[in-house]
Amino acid sequence: MASSSALENGDRPHLLAPLRHLGALGFALFWMLAASGIYLYIRFDTSVAGAYDSIGELEWWFGGVLRSLHRYAADAFVVVVALHLVRELLAGRFRGFRAFSWISGVPLVWLLYASGIVGTWLVWDARAQFSAQATAEWMLALGIGAEPMARNFLGAEQISDRLFSLFVFLHIGLPLALLAGMWVHVLRLGRPATVAPRALALGLLGMLLALALLHPVASGARWDPAVVPQALQTDWFVLFLHPLMYATSPAFLWLAVGGATAALAALPWLARRPAAPVARVDPANCNGCGRCVADCPYEAVILVGKRARVFEERCAACGICAGACPSATPFRSVAELASGIDLPDLTVDELRRRMQGALPAGEVLFSCEGARAGGIVLRCLAMLPPSFVEYALRHGARRVRAVGCREGECAWRIGLELAAERFAGTREPHLRPNVVYAKQGDAYEFSLR
Amino acid sequence: MKRALQIAAQLALYVPLMALIGYFSTEPRFSTLGPDEALLRLSFIHAAERKEPCRERSAEELAKLAPNMRAALDCPRERAMLLVELEVDGQLALRREVPPAGVQRDGNATVYHRLPLAAGRHRIVARLRDRPGEDFNFVGETTLELAPGAALLIDFSKAKGGFLFRT
């Protein structure tokens, strides 16, 4: 029987594939913005007199395309972040062990918008004038500061090169703060998905380049304090807050934005649910190998000396750590199978008893909760120690099948990858060479060689 | 075949996204004013006069103070509220009392008011009282033609003689 790696199936075409990589696509867009921004900064004249012209002088076939790419990548970033937020919200991935990632994501929305809005000002055209004045009037409603920001944009005499240098500083500093925030955002994730699949990232880049060529970004009229910019070609992705403010009031916008921010930040507490019992370490059976530490998708397990330790608030109770433990082998001749790390409400001993109860059998099926395929149900496919497969085959099962979630839809982020690597023999604990398998769709079928 | 399917699946998602971004990055157009409107902005920062005038300390009062605190004048820090009025074509458009900034009420007072006006000819009068009392001590007026989309700024500088009208 031919064996194949599950990873080969990861790149099969699927219409919704980008929706499964929104976070990674956000990172890809950040790097596109950084790369195009560096060139634009080299060509940019950071002075009131020269800024507008320096952008107008960009050659259309390179600088102009990069400028358009920069702008459209910012818009795409907003779209991707919005989809990412809504997807995680609808999937309920904001409470419990995910609260840290959720809460640390909330300020990123502010930083993203602040970076985009300040970037608009650098062009120093009518759109910049509109945005800067609208932002200043919004800040004025807070009543903070001895000299309101709105005074800075009233006339040519108030605008100096020093103010312009501040804009440039902000447009570099805010994205750097955003990047730092993105790092914190994924800090509690094992194997964070910060690199988008190549096909997706190249597809996105190609789409943005095509848009830049077909619909190049153009500056509006030069900033003129004597007129109020009218019939503006507003970027609704980045600047939608300004029209919203003029349609309501600065105070309303503060309440709406502040309220939305507070609601998002408080969501993990507002929608709290009882959590499943977290993983528990049995010091007598833990040899400090560190496999559970390496495999935990949420960085919830660390090694203290030669013993694993679980951070309860980070633990997802997915059982992947139990599947990684070398003590969790059913071949051990003990009455009660005790693993070095285990789930209190679904122990490996319980799994062994269920398996033994099913043997001998034509087929033993292991499946994860998300697959809803029946058989011996695990929290995650990666909760299954590979030795269970060999045990079943050696004790009367004609075949063993294991079914996981659909590719890219693992409830615990990386369970499918870990299981695939263990079955393929590239990750401990792995299948012994005398067991071969074939993968069809989301199911593995095992047999003895 | 698999490659072609991959490309088709990506195009199916990216083409609508491209259209979405391409359209909403510039359209629909937005105006803060109506087609026949101009904008008047009254904006200035000004430190009003003290609420209570300075008074000279008596020799007896000075003697009670520590040697390093014996300033001849006792000047209460609090400044008066500004009273601002704006009249457009004989109609009162704004009347606002503006407190000085600061815990001790001894800082600048800040005025910013945005008023869309119909384009055309207008007589505009701005008044300011920056001291205790009833009367306005600064008045500025002008009659001017405002084109649609024009911006009129009314600033104030005591050093430059009062209200400044800039278009």
# chains A, B, ... in the order shown; residues from 1 in each chain; ligands from 1
$ select_by_dssp --residues "stretch 344-389 of chain A" --states "alpha helix (DSSP H)" --output "list in words"
Val348, Asp349, Glu350, Leu351, Arg352, Arg353, Arg354, Met355, Gln356, Gly357, Ala358, Pro386, Ser387, Phe388 and Val389 of chain A
$ interface_residues --of "chain B" --to "chain A" --cutoff "7 Å" --atoms "only C-alpha atoms" --output "number ranges by chain"
B: 5-6, 9-10, 14, 18, 21-22, 24-27, 29-32, 149-151, 167
$ closest_residue --among "A:Arg67, A:Arg162, A:Arg379, A:Arg191" --to "A:Ala24" --atoms "only C-alpha atoms"
A:Arg191
$ residues_around --residues "stretch 423-428 of chain A" --least-positions-apart "5" --cutoff "12 Å" --atoms "only C-alpha atoms" --output "MDAnalysis selection string"
chainID A and resid 2:8 289:292 294:295 321 323:326 381:382 384:390 402 416:418 433:439 444:446
$ write_last_selection --atoms "C-alpha atoms" --output "short mmCIF file (atom, residue, chain, number, x, y, z; two decimals), in the first residue's frame"
data_model
loop_
_atom_site.label_atom_id
_atom_site.label_comp_id
_atom_site.auth_asym_id
_atom_site.auth_seq_id
_atom_site.Cartn_x
_atom_site.Cartn_y
_atom_site.Cartn_z
CA ALA A 2 1.40 3.34 -0.94
CA SER A 3 1.91 5.84 1.77
CA SER A 4 1.41 9.54 1.21
CA SER A 5 1.88 12.64 3.21
CA ALA A 6 -1.17 14.53 4.36
CA LEU A 7 0.61 17.77 3.59
CA GLU A 8 0.30 17.06 -0.11
CA CYS A 289 10.89 15.03 27.03
CA GLY A 290 9.22 18.30 25.98
CA ARG A 291 7.11 16.87 23.15
CA CYS A 292 3.93 18.30 24.69
CA ALA A 294 6.61 21.55 21.26
CA ASP A 295 3.15 20.47 20.09
CA CYS A 321 -0.30 17.12 24.46
CA GLY A 323 -1.18 12.47 21.95
CA ALA A 324 2.43 13.67 22.00
CA CYS A 325 3.35 11.99 25.30
CA PRO A 326 5.62 8.94 24.99
CA LEU A 381 -6.91 13.88 15.66
CA ALA A 382 -3.53 14.83 17.13
CA LEU A 384 -4.34 10.05 19.06
CA PRO A 385 -0.95 8.56 19.97
CA PRO A 386 0.18 6.71 16.79
CA SER A 387 0.91 3.61 18.87
CA PHE A 388 -2.88 3.18 19.31
CA VAL A 389 -3.13 2.48 15.57
CA GLU A 390 -0.50 -0.26 15.70
CA ALA A 402 -8.64 7.96 11.51
CA LEU A 416 -4.08 18.08 11.41
CA GLU A 417 -0.51 19.09 10.63
CA LEU A 418 0.82 17.44 13.77
CA PRO A 433 7.64 1.55 9.86
CA ASN A 434 5.65 -1.66 9.89
CA VAL A 435 2.42 0.37 9.68
CA VAL A 436 1.56 1.95 6.36
CA TYR A 437 -1.28 4.25 5.51
CA ALA A 438 -3.11 5.89 2.69
CA LYS A 439 -4.91 9.19 2.90
CA TYR A 444 -6.35 7.99 6.97
CA GLU A 445 -6.53 4.23 6.47
CA PHE A 446 -3.86 2.16 8.19
#
$ select_by_dssp --residues "stretch 163-370 of chain A" --states "strand (DSSP E or B)" --output "ChimeraX atom specification"
/A:222,227,232,280-281,301-304,307-310,341-343,346,361-368
$ write_last_selection --atoms "N, CA and C atoms" --output "mmCIF file, in the first residue's frame"
data_model
loop_
_atom_site.group_PDB
_atom_site.id
_atom_site.type_symbol
_atom_site.label_atom_id
_atom_site.label_comp_id
_atom_site.auth_asym_id
_atom_site.auth_seq_id
_atom_site.Cartn_x
_atom_site.Cartn_y
_atom_site.Cartn_z
ATOM 1 N N ARG A 222 -4.043 70.088 -5.385
ATOM 2 C CA ARG A 222 -3.081 70.446 -4.341
ATOM 3 C C ARG A 222 -3.829 71.029 -3.126
ATOM 4 N N VAL A 227 -10.019 76.772 0.112
ATOM 5 C CA VAL A 227 -11.228 76.086 -0.360
ATOM 6 C C VAL A 227 -11.495 74.839 0.488
ATOM 7 N N LEU A 232 -14.999 64.676 -3.253
ATOM 8 C CA LEU A 232 -13.713 64.001 -3.036
ATOM 9 C C LEU A 232 -13.757 62.536 -3.407
ATOM 10 N N ARG A 280 -3.606 17.972 32.605
ATOM 11 C CA ARG A 280 -3.038 17.788 33.941
ATOM 12 C C ARG A 280 -1.763 16.967 33.785
ATOM 13 N N VAL A 281 -0.753 17.362 34.497
ATOM 14 C CA VAL A 281 0.528 16.654 34.419
ATOM 15 C C VAL A 281 0.607 15.630 35.540
ATOM 16 N N VAL A 301 1.989 24.878 27.621
ATOM 17 C CA VAL A 301 2.803 23.947 28.396
ATOM 18 C C VAL A 301 4.265 24.399 28.332
ATOM 19 N N ILE A 302 4.905 24.409 29.476
ATOM 20 C CA ILE A 302 6.340 24.717 29.513
ATOM 21 C C ILE A 302 7.034 23.616 30.328
ATOM 22 N N LEU A 303 8.329 23.586 30.209
ATOM 23 C CA LEU A 303 9.098 22.658 31.038
ATOM 24 C C LEU A 303 9.694 23.425 32.193
ATOM 25 N N VAL A 304 9.472 22.934 33.391
ATOM 26 C CA VAL A 304 10.128 23.504 34.572
ATOM 27 C C VAL A 304 11.035 22.409 35.109
ATOM 28 N N ARG A 307 10.072 18.595 34.362
ATOM 29 C CA ARG A 307 8.643 18.315 34.421
ATOM 30 C C ARG A 307 7.872 19.333 33.593
ATOM 31 N N ALA A 308 6.805 18.832 32.946
ATOM 32 C CA ALA A 308 5.925 19.744 32.211
ATOM 33 C C ALA A 308 5.043 20.488 33.207
ATOM 34 N N ARG A 309 4.694 21.717 32.821
ATOM 35 C CA ARG A 309 3.767 22.481 33.649
ATOM 36 C C ARG A 309 2.747 23.147 32.730
ATOM 37 N N VAL A 310 1.472 23.113 33.130
ATOM 38 C CA VAL A 310 0.400 23.649 32.278
ATOM 39 C C VAL A 310 -0.064 25.003 32.829
ATOM 40 N N ILE A 341 0.992 13.554 30.634
ATOM 41 C CA ILE A 341 0.079 14.710 30.590
ATOM 42 C C ILE A 341 -1.201 14.201 29.952
ATOM 43 N N ASP A 342 -2.330 14.606 30.504
ATOM 44 C CA ASP A 342 -3.580 13.970 30.081
ATOM 45 C C ASP A 342 -4.754 14.907 30.337
ATOM 46 N N LEU A 343 -5.882 14.617 29.683
ATOM 47 C CA LEU A 343 -7.110 15.360 29.952
ATOM 48 C C LEU A 343 -7.896 14.634 31.034
ATOM 49 N N LEU A 346 -11.114 12.996 29.556
ATOM 50 C CA LEU A 346 -10.985 12.061 28.436
ATOM 51 C C LEU A 346 -9.540 11.552 28.439
ATOM 52 N N ALA A 361 -12.207 -6.446 15.639
ATOM 53 C CA ALA A 361 -13.242 -5.816 14.824
ATOM 54 C C ALA A 361 -12.770 -5.722 13.388
ATOM 55 N N GLY A 362 -13.736 -5.603 12.489
ATOM 56 C CA GLY A 362 -13.378 -5.395 11.085
ATOM 57 C C GLY A 362 -12.694 -4.057 10.905
ATOM 58 N N GLU A 363 -13.183 -3.086 11.661
ATOM 59 C CA GLU A 363 -12.598 -1.746 11.531
ATOM 60 C C GLU A 363 -12.654 -1.026 12.868
ATOM 61 N N VAL A 364 -11.575 -0.347 13.207
ATOM 62 C CA VAL A 364 -11.584 0.567 14.353
ATOM 63 C C VAL A 364 -11.448 1.973 13.782
ATOM 64 N N LEU A 365 -12.390 2.816 14.189
ATOM 65 C CA LEU A 365 -12.388 4.185 13.665
ATOM 66 C C LEU A 365 -12.093 5.164 14.798
ATOM 67 N N PHE A 366 -11.094 6.012 14.574
ATOM 68 C CA PHE A 366 -10.828 7.139 15.473
ATOM 69 C C PHE A 366 -11.234 8.400 14.724
ATOM 70 N N SER A 367 -11.902 9.305 15.409
ATOM 71 C CA SER A 367 -12.239 10.558 14.710
ATOM 72 C C SER A 367 -12.197 11.708 15.709
ATOM 73 N N CYS A 368 -11.997 12.884 15.166
ATOM 74 C CA CYS A 368 -12.005 14.057 16.056
ATOM 75 C C CYS A 368 -13.432 14.574 16.179
#
$ residues_around --residues "A:Gln129" --least-positions-apart "3" --cutoff "6 Å" --atoms "only C-alpha atoms" --output "JSON, numbers by chain"
{"A": [126, 132, 223]}
$ write_last_selection --atoms "N, CA and C atoms" --output "mmCIF file, in the first residue's frame"
data_model
loop_
_atom_site.group_PDB
_atom_site.id
_atom_site.type_symbol
_atom_site.label_atom_id
_atom_site.label_comp_id
_atom_site.auth_asym_id
_atom_site.auth_seq_id
_atom_site.Cartn_x
_atom_site.Cartn_y
_atom_site.Cartn_z
ATOM 1 N N ALA A 126 -6.056 67.361 -1.890
ATOM 2 C CA ALA A 126 -7.355 67.706 -1.317
ATOM 3 C C ALA A 126 -7.864 66.613 -0.372
ATOM 4 N N ALA A 132 -7.062 65.343 7.159
ATOM 5 C CA ALA A 132 -6.358 65.971 8.278
ATOM 6 C C ALA A 132 -7.296 66.882 9.067
ATOM 7 N N TRP A 223 -3.283 70.784 -1.946
ATOM 8 C CA TRP A 223 -3.863 71.314 -0.691
ATOM 9 C C TRP A 223 -4.037 72.831 -0.817
#
$ residues_around --residues "A:Ile55" --least-positions-apart "3" --cutoff "8 Å" --atoms "only C-alpha atoms" --output "mmCIF file with C-alpha atoms, in the first residue's frame"
data_model
loop_
_atom_site.group_PDB
_atom_site.id
_atom_site.type_symbol
_atom_site.label_atom_id
_atom_site.label_comp_id
_atom_site.auth_asym_id
_atom_site.auth_seq_id
_atom_site.Cartn_x
_atom_site.Cartn_y
_atom_site.Cartn_z
ATOM 1 C CA ARG A 43 11.465 59.260 -3.551
ATOM 2 C CA PHE A 44 9.359 61.352 -1.177
ATOM 3 C CA ALA A 51 5.658 66.600 -0.995
ATOM 4 C CA TYR A 52 2.861 66.940 -3.530
ATOM 5 C CA LEU A 58 6.891 59.298 -9.800
ATOM 6 C CA VAL A 123 0.108 63.093 -0.368
#
$ closest_residue --among "B:Leu128, B:Ala71, B:Ala38, B:Ala119" --to "B:Val84" --atoms "only C-alpha atoms"
B:Leu128
$ residues_around --residues "A:Phe27" --least-positions-apart "4" --cutoff "8 Å" --atoms "only C-alpha atoms" --output "list in words"
Gly23, Trp31, Thr194, Val195 and Ala196 of chain A
$ atom_distance --atom1 "atom CA of A:Glu336" --atom2 "atom CA of A:Ala284"
13.4 Å
$ decode --residues "stretch 307-447 of chain A" --atoms "C-alpha atoms" --output "CSV table (one decimal), in the first residue's frame"
chain,number,residue,atom,x,y,z
A,307,ARG,CA,8.6,18.3,34.4
A,308,ALA,CA,5.9,19.7,32.2
A,309,ARG,CA,3.8,22.5,33.6
A,310,VAL,CA,0.4,23.6,32.3
A,311,PHE,CA,-0.8,27.3,32.3
A,312,GLU,CA,-4.4,26.6,33.0
A,313,GLU,CA,-5.7,29.9,31.5
A,314,ARG,CA,-4.0,29.2,28.2
A,315,CYS,CA,-5.0,25.5,27.9
A,316,ALA,CA,-7.6,24.7,25.3
A,317,ALA,CA,-8.1,21.1,26.6
A,318,CYS,CA,-7.5,19.8,23.0
A,319,GLY,CA,-5.6,16.8,24.2
A,320,ILE,CA,-2.8,17.2,21.6
A,321,CYS,CA,-0.3,17.1,24.5
A,322,ALA,CA,-1.6,13.7,25.5
A,323,GLY,CA,-1.2,12.5,21.9
A,324,ALA,CA,2.4,13.7,22.0
A,325,CYS,CA,3.3,12.0,25.3
A,326,PRO,CA,5.6,8.9,25.0
A,327,SER,CA,3.9,7.4,28.1
A,328,ALA,CA,0.6,7.3,26.3
A,329,THR,CA,1.2,4.0,24.6
A,330,PRO,CA,-1.4,1.3,25.0
A,331,PHE,CA,1.3,-1.4,24.8
A,332,ARG,CA,2.3,-0.6,28.4
A,333,SER,CA,1.4,-3.5,30.7
A,334,VAL,CA,-0.3,-1.5,33.4
A,335,ALA,CA,-3.8,-1.9,34.6
A,336,GLU,CA,-4.5,1.8,34.4
A,337,LEU,CA,-2.7,3.6,31.5
A,338,ALA,CA,-1.4,6.9,32.9
A,339,SER,CA,0.1,9.4,30.6
A,340,GLY,CA,2.6,12.1,31.6
A,341,ILE,CA,0.1,14.7,30.6
A,342,ASP,CA,-3.6,14.0,30.1
A,343,LEU,CA,-7.1,15.4,30.0
A,344,PRO,CA,-9.0,14.6,33.2
A,345,ASP,CA,-12.3,14.1,31.3
A,346,LEU,CA,-11.0,12.1,28.4
A,347,THR,CA,-7.9,10.2,29.5
A,348,VAL,CA,-5.7,7.9,27.3
A,349,ASP,CA,-6.7,5.1,29.7
A,350,GLU,CA,-10.3,5.7,28.7
A,351,LEU,CA,-9.4,5.7,25.0
A,352,ARG,CA,-7.5,2.4,25.5
A,353,ARG,CA,-10.5,0.9,27.2
A,354,ARG,CA,-12.8,2.0,24.4
A,355,MET,CA,-10.4,0.6,21.8
A,356,GLN,CA,-10.0,-2.7,23.6
A,357,GLY,CA,-13.8,-2.9,24.0
A,358,ALA,CA,-14.1,-2.6,20.2
A,359,LEU,CA,-11.5,-5.3,19.4
A,360,PRO,CA,-11.4,-7.6,17.6
A,361,ALA,CA,-13.2,-5.8,14.8
A,362,GLY,CA,-13.4,-5.4,11.1
A,363,GLU,CA,-12.6,-1.7,11.5
A,364,VAL,CA,-11.6,0.6,14.4
A,365,LEU,CA,-12.4,4.2,13.7
A,366,PHE,CA,-10.8,7.1,15.5
A,367,SER,CA,-12.2,10.6,14.7
A,368,CYS,CA,-12.0,14.1,16.1
A,369,GLU,CA,-15.0,15.9,17.5
A,370,GLY,CA,-15.1,18.3,14.5
A,371,ALA,CA,-15.3,15.5,11.9
A,372,ARG,CA,-18.5,14.0,13.4
A,373,ALA,CA,-17.6,10.6,11.9
A,374,GLY,CA,-18.3,8.5,15.0
A,375,GLY,CA,-16.2,5.7,16.3
A,376,ILE,CA,-13.8,6.5,19.1
A,377,VAL,CA,-14.1,10.2,19.4
A,378,LEU,CA,-11.1,12.3,20.3
A,379,ARG,CA,-10.9,16.1,21.0
A,380,CYS,CA,-8.5,16.3,18.1
A,381,LEU,CA,-6.9,13.9,15.7
A,382,ALA,CA,-3.5,14.8,17.1
A,383,MET,CA,-4.8,13.5,20.5
A,384,LEU,CA,-4.3,10.0,19.1
A,385,PRO,CA,-0.9,8.6,20.0
A,386,PRO,CA,0.2,6.7,16.8
A,387,SER,CA,0.9,3.6,18.9
A,388,PHE,CA,-2.9,3.2,19.3
A,389,VAL,CA,-3.1,2.5,15.6
A,390,GLU,CA,-0.5,-0.3,15.7
A,391,TYR,CA,-2.0,-1.7,18.9
A,392,ALA,CA,-5.5,-2.0,17.2
A,393,LEU,CA,-4.0,-3.6,14.1
A,394,ARG,CA,-2.0,-6.1,16.2
A,395,HIS,CA,-5.0,-7.0,18.4
A,396,GLY,CA,-7.7,-8.0,15.9
A,397,ALA,CA,-8.6,-4.9,13.8
A,398,ARG,CA,-8.5,-5.7,10.1
A,399,ARG,CA,-8.1,-2.1,9.4
A,400,VAL,CA,-7.9,1.2,11.3
A,401,ARG,CA,-9.2,4.5,10.1
A,402,ALA,CA,-8.6,8.0,11.5
A,403,VAL,CA,-10.7,10.9,10.4
A,404,GLY,CA,-9.9,14.5,11.2
A,405,CYS,CA,-11.5,17.9,10.4
A,406,ARG,CA,-11.5,19.2,6.9
A,407,GLU,CA,-8.1,20.6,5.8
A,408,GLY,CA,-7.6,24.0,7.1
A,409,GLU,CA,-10.5,23.8,9.5
A,410,CYS,CA,-8.8,22.3,12.5
A,411,ALA,CA,-10.6,23.5,15.7
A,412,TRP,CA,-7.2,23.6,17.4
A,413,ARG,CA,-5.3,25.3,14.6
A,414,ILE,CA,-2.4,22.8,13.9
A,415,GLY,CA,-3.8,19.4,15.0
A,416,LEU,CA,-4.1,18.1,11.4
A,417,GLU,CA,-0.5,19.1,10.6
A,418,LEU,CA,0.8,17.4,13.8
A,419,ALA,CA,-1.1,14.2,13.1
A,420,ALA,CA,0.1,14.2,9.5
A,421,GLU,CA,3.7,14.6,10.6
A,422,ARG,CA,3.4,11.9,13.2
A,423,PHE,CA,1.9,9.4,10.7
A,424,ALA,CA,4.5,10.3,8.1
A,425,GLY,CA,7.2,9.6,10.6
A,426,THR,CA,8.7,13.2,10.7
A,427,ARG,CA,7.5,14.0,14.2
A,428,GLU,CA,7.6,12.2,17.5
A,429,PRO,CA,5.8,10.1,18.5
A,430,HIS,CA,5.6,8.5,15.1
A,431,LEU,CA,4.1,5.4,13.5
A,432,ARG,CA,6.5,2.5,13.4
A,433,PRO,CA,7.6,1.6,9.9
A,434,ASN,CA,5.6,-1.7,9.9
A,435,VAL,CA,2.4,0.4,9.7
A,436,VAL,CA,1.6,2.0,6.4
A,437,TYR,CA,-1.3,4.3,5.5
A,438,ALA,CA,-3.1,5.9,2.7
A,439,LYS,CA,-4.9,9.2,2.9
A,440,GLN,CA,-8.1,9.9,1.1
A,441,GLY,CA,-9.7,13.3,1.7
A,442,ASP,CA,-9.8,13.9,5.5
A,443,ALA,CA,-9.4,10.2,6.4
A,444,TYR,CA,-6.3,8.0,7.0
A,445,GLU,CA,-6.5,4.2,6.5
A,446,PHE,CA,-3.9,2.2,8.2
A,447,SER,CA,-2.7,-1.4,7.8
